[in-house]
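Peer 1: One structure coming up, written as structure tokens, with questions to follow.
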Amino acid sequence: MRTLITLFLIAACAMKTPARASNESCFDDQNLKNLQASSKQRGTLIYVWSPRMVYSVQNIAIASRAAATAGLDLVVLHDMRIPKDEFVQARQRYASSTTEVDLATPPFVSPLDQSKPLCSAQLIEREALRHFPTAFVITARGIHAQPVVGAMPFSAWISSLDQRMKQP
């Protein structure tokens, strides 16, 4: 009987505890739908990364430049299973590793600063969490069937994005 009461109390408390802080919104299917609707004029690259995959953190700058070169907007999302403090530490480590001072260059704002947790069921069903980075090209035709998976040099990003922009 005690076990049953304990289980009931645990379940009651669990329902009242939010999984994420309420001020931290995630990128869900409604965000994806809105993005698809706004991608009619210009496409978008969704870049999914994890602080536990160093190359996905380091490769964001290259992917960002490749997206801009391809004429794509960029949306940066991270693995929502990662605790918030680990995510913040990874962003800080990345910022401290890219602090070269060049007076002729304006300050660099990392795309990681705008990252949101990924909670879109559609992207998760498309295996967005299989490996990091995983990127999706979205155009007026929808989400391309083949995501870009893995870190790579700039020329490979350009080639991958170009192929996806041309294919249905």
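By convention in this document, the chains of the structure tokens carry letters A, B, ... by their order, each chain's residues are numbered from 1, and ligands are numbered from 1 in the order they are shown.
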Give me, as a list in words, all polymer residues having an atom no more than 9 Å from A:Ala145, counting only C-alpha atoms and skipping those fewer than 5 positions away in the same chain.
Peer 2: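 Skipping anything fewer than 5 positions along the chain leaves Arg126, Phe136, Val137, Arg164 and Pro168 of chain A.
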Peer 1: May I ask which of the residues A:Arg130, A:Ser160, A:Asp73, A:Pro83 is the closest one to A:Gln36, counting only C-alpha atoms?
Peer 2: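 So, comparing all the options, the nearest one is A:Asp73.
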Peer 1: Just the residues within 9 Å of A:Val48, please, counting only C-alpha atoms, with nothing from its chain fewer than 3 positions along; format it as a ChimeraX atom specification.
Peer 2: /A:56,75-79,115,118,128-129,131-136
Peer 1: Quick one: everything within 10 Å of A:Pro51, counting only C-alpha atoms, minus sequence neighbours fewer than 3 positions away in the same chain. Send it as an MDAnalysis selection string.
Peer 2: chainID A and resid 54:58 78:79 82:83 86:91 93:94 132
Peer 1: Using only C-alpha atoms for the distances, tell me which of A:Thr139, A:Ser96, A:Ser110, A:Gln146 is nearest to A:Gly71.
Peer 2: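 Comparing A:Thr139, A:Ser96, A:Ser110, A:Gln146 against A:Gly71, the winner is A:Thr139.
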Peer 1: Tell me, in Å to one decimal, how far atom CA of A:Arg52 is from atom CA of A:Gln92.
Peer 2: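 About the pair atom CA of A:Arg52 and atom CA of A:Gln92: they are 13.6 Å apart.
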Peer 1: Determine which residues of stretch 30-100 of chain A receive a DSSP assignment of strand (DSSP E), computed from the backbone, and state them as number ranges by chain.
Peer 2: A: 44-49, 73-79
Peer 1: Since we have the selection now, will you write its residues out, keeping C-alpha atoms, as a CSV table (one decimal), in the first residue's frame?
Peer 2:
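result_28.csv written:
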chain,number,residue,atom,x,y,z
A,44,THR,CA,16.6,28.6,-44.9
A,45,LEU,CA,19.3,26.4,-43.5
A,46,ILE,CA,18.4,24.9,-40.1
A,47,TYR,CA,21.6,23.9,-38.3
A,48,VAL,CA,21.3,21.5,-35.4
A,49,TRP,CA,24.3,21.2,-33.0
A,73,ASP,CA,18.7,32.4,-44.0
A,74,LEU,CA,20.1,30.5,-41.0
A,75,VAL,CA,18.3,29.1,-38.0
A,76,VAL,CA,20.4,27.5,-35.3
A,77,LEU,CA,19.0,24.9,-33.0
A,78,HIS,CA,20.6,22.7,-30.3
A,79,ASP,CA,19.9,19.3,-28.7
Peer 1: As an MDAnalysis selection string, please: every residue in stretch 43-163 of chain A that a backbone DSSP assignment puts in alpha helix (DSSP H).
Peer 2: chainID A and resid 54:58 60:69 84:97 121:125 154:163
Peer 1: Determine the nearest neighbour of A:Ile60 from the options A:Met152, A:Leu123, A:Met80, A:Leu72, counting only C-alpha atoms.
Peer 2: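 The shortest atom-to-atom distance to A:Ile60 comes from A:Met152.
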Peer 1: Counting only C-alpha atoms, what is within 12 Å of A:Ile158, bar same-chain residues fewer than 5 positions away, as a ChimeraX atom specification?
Peer 2: /A:45,62-72,148,152-153,163-165
Peer 1: With distances taken over only C-alpha atoms, which residue among A:Pro111, A:Gly142, A:Gly43, A:Pro147 lies nearest A:Glu127?
Peer 2: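 For A:Glu127, the nearest of the candidates is A:Pro147.
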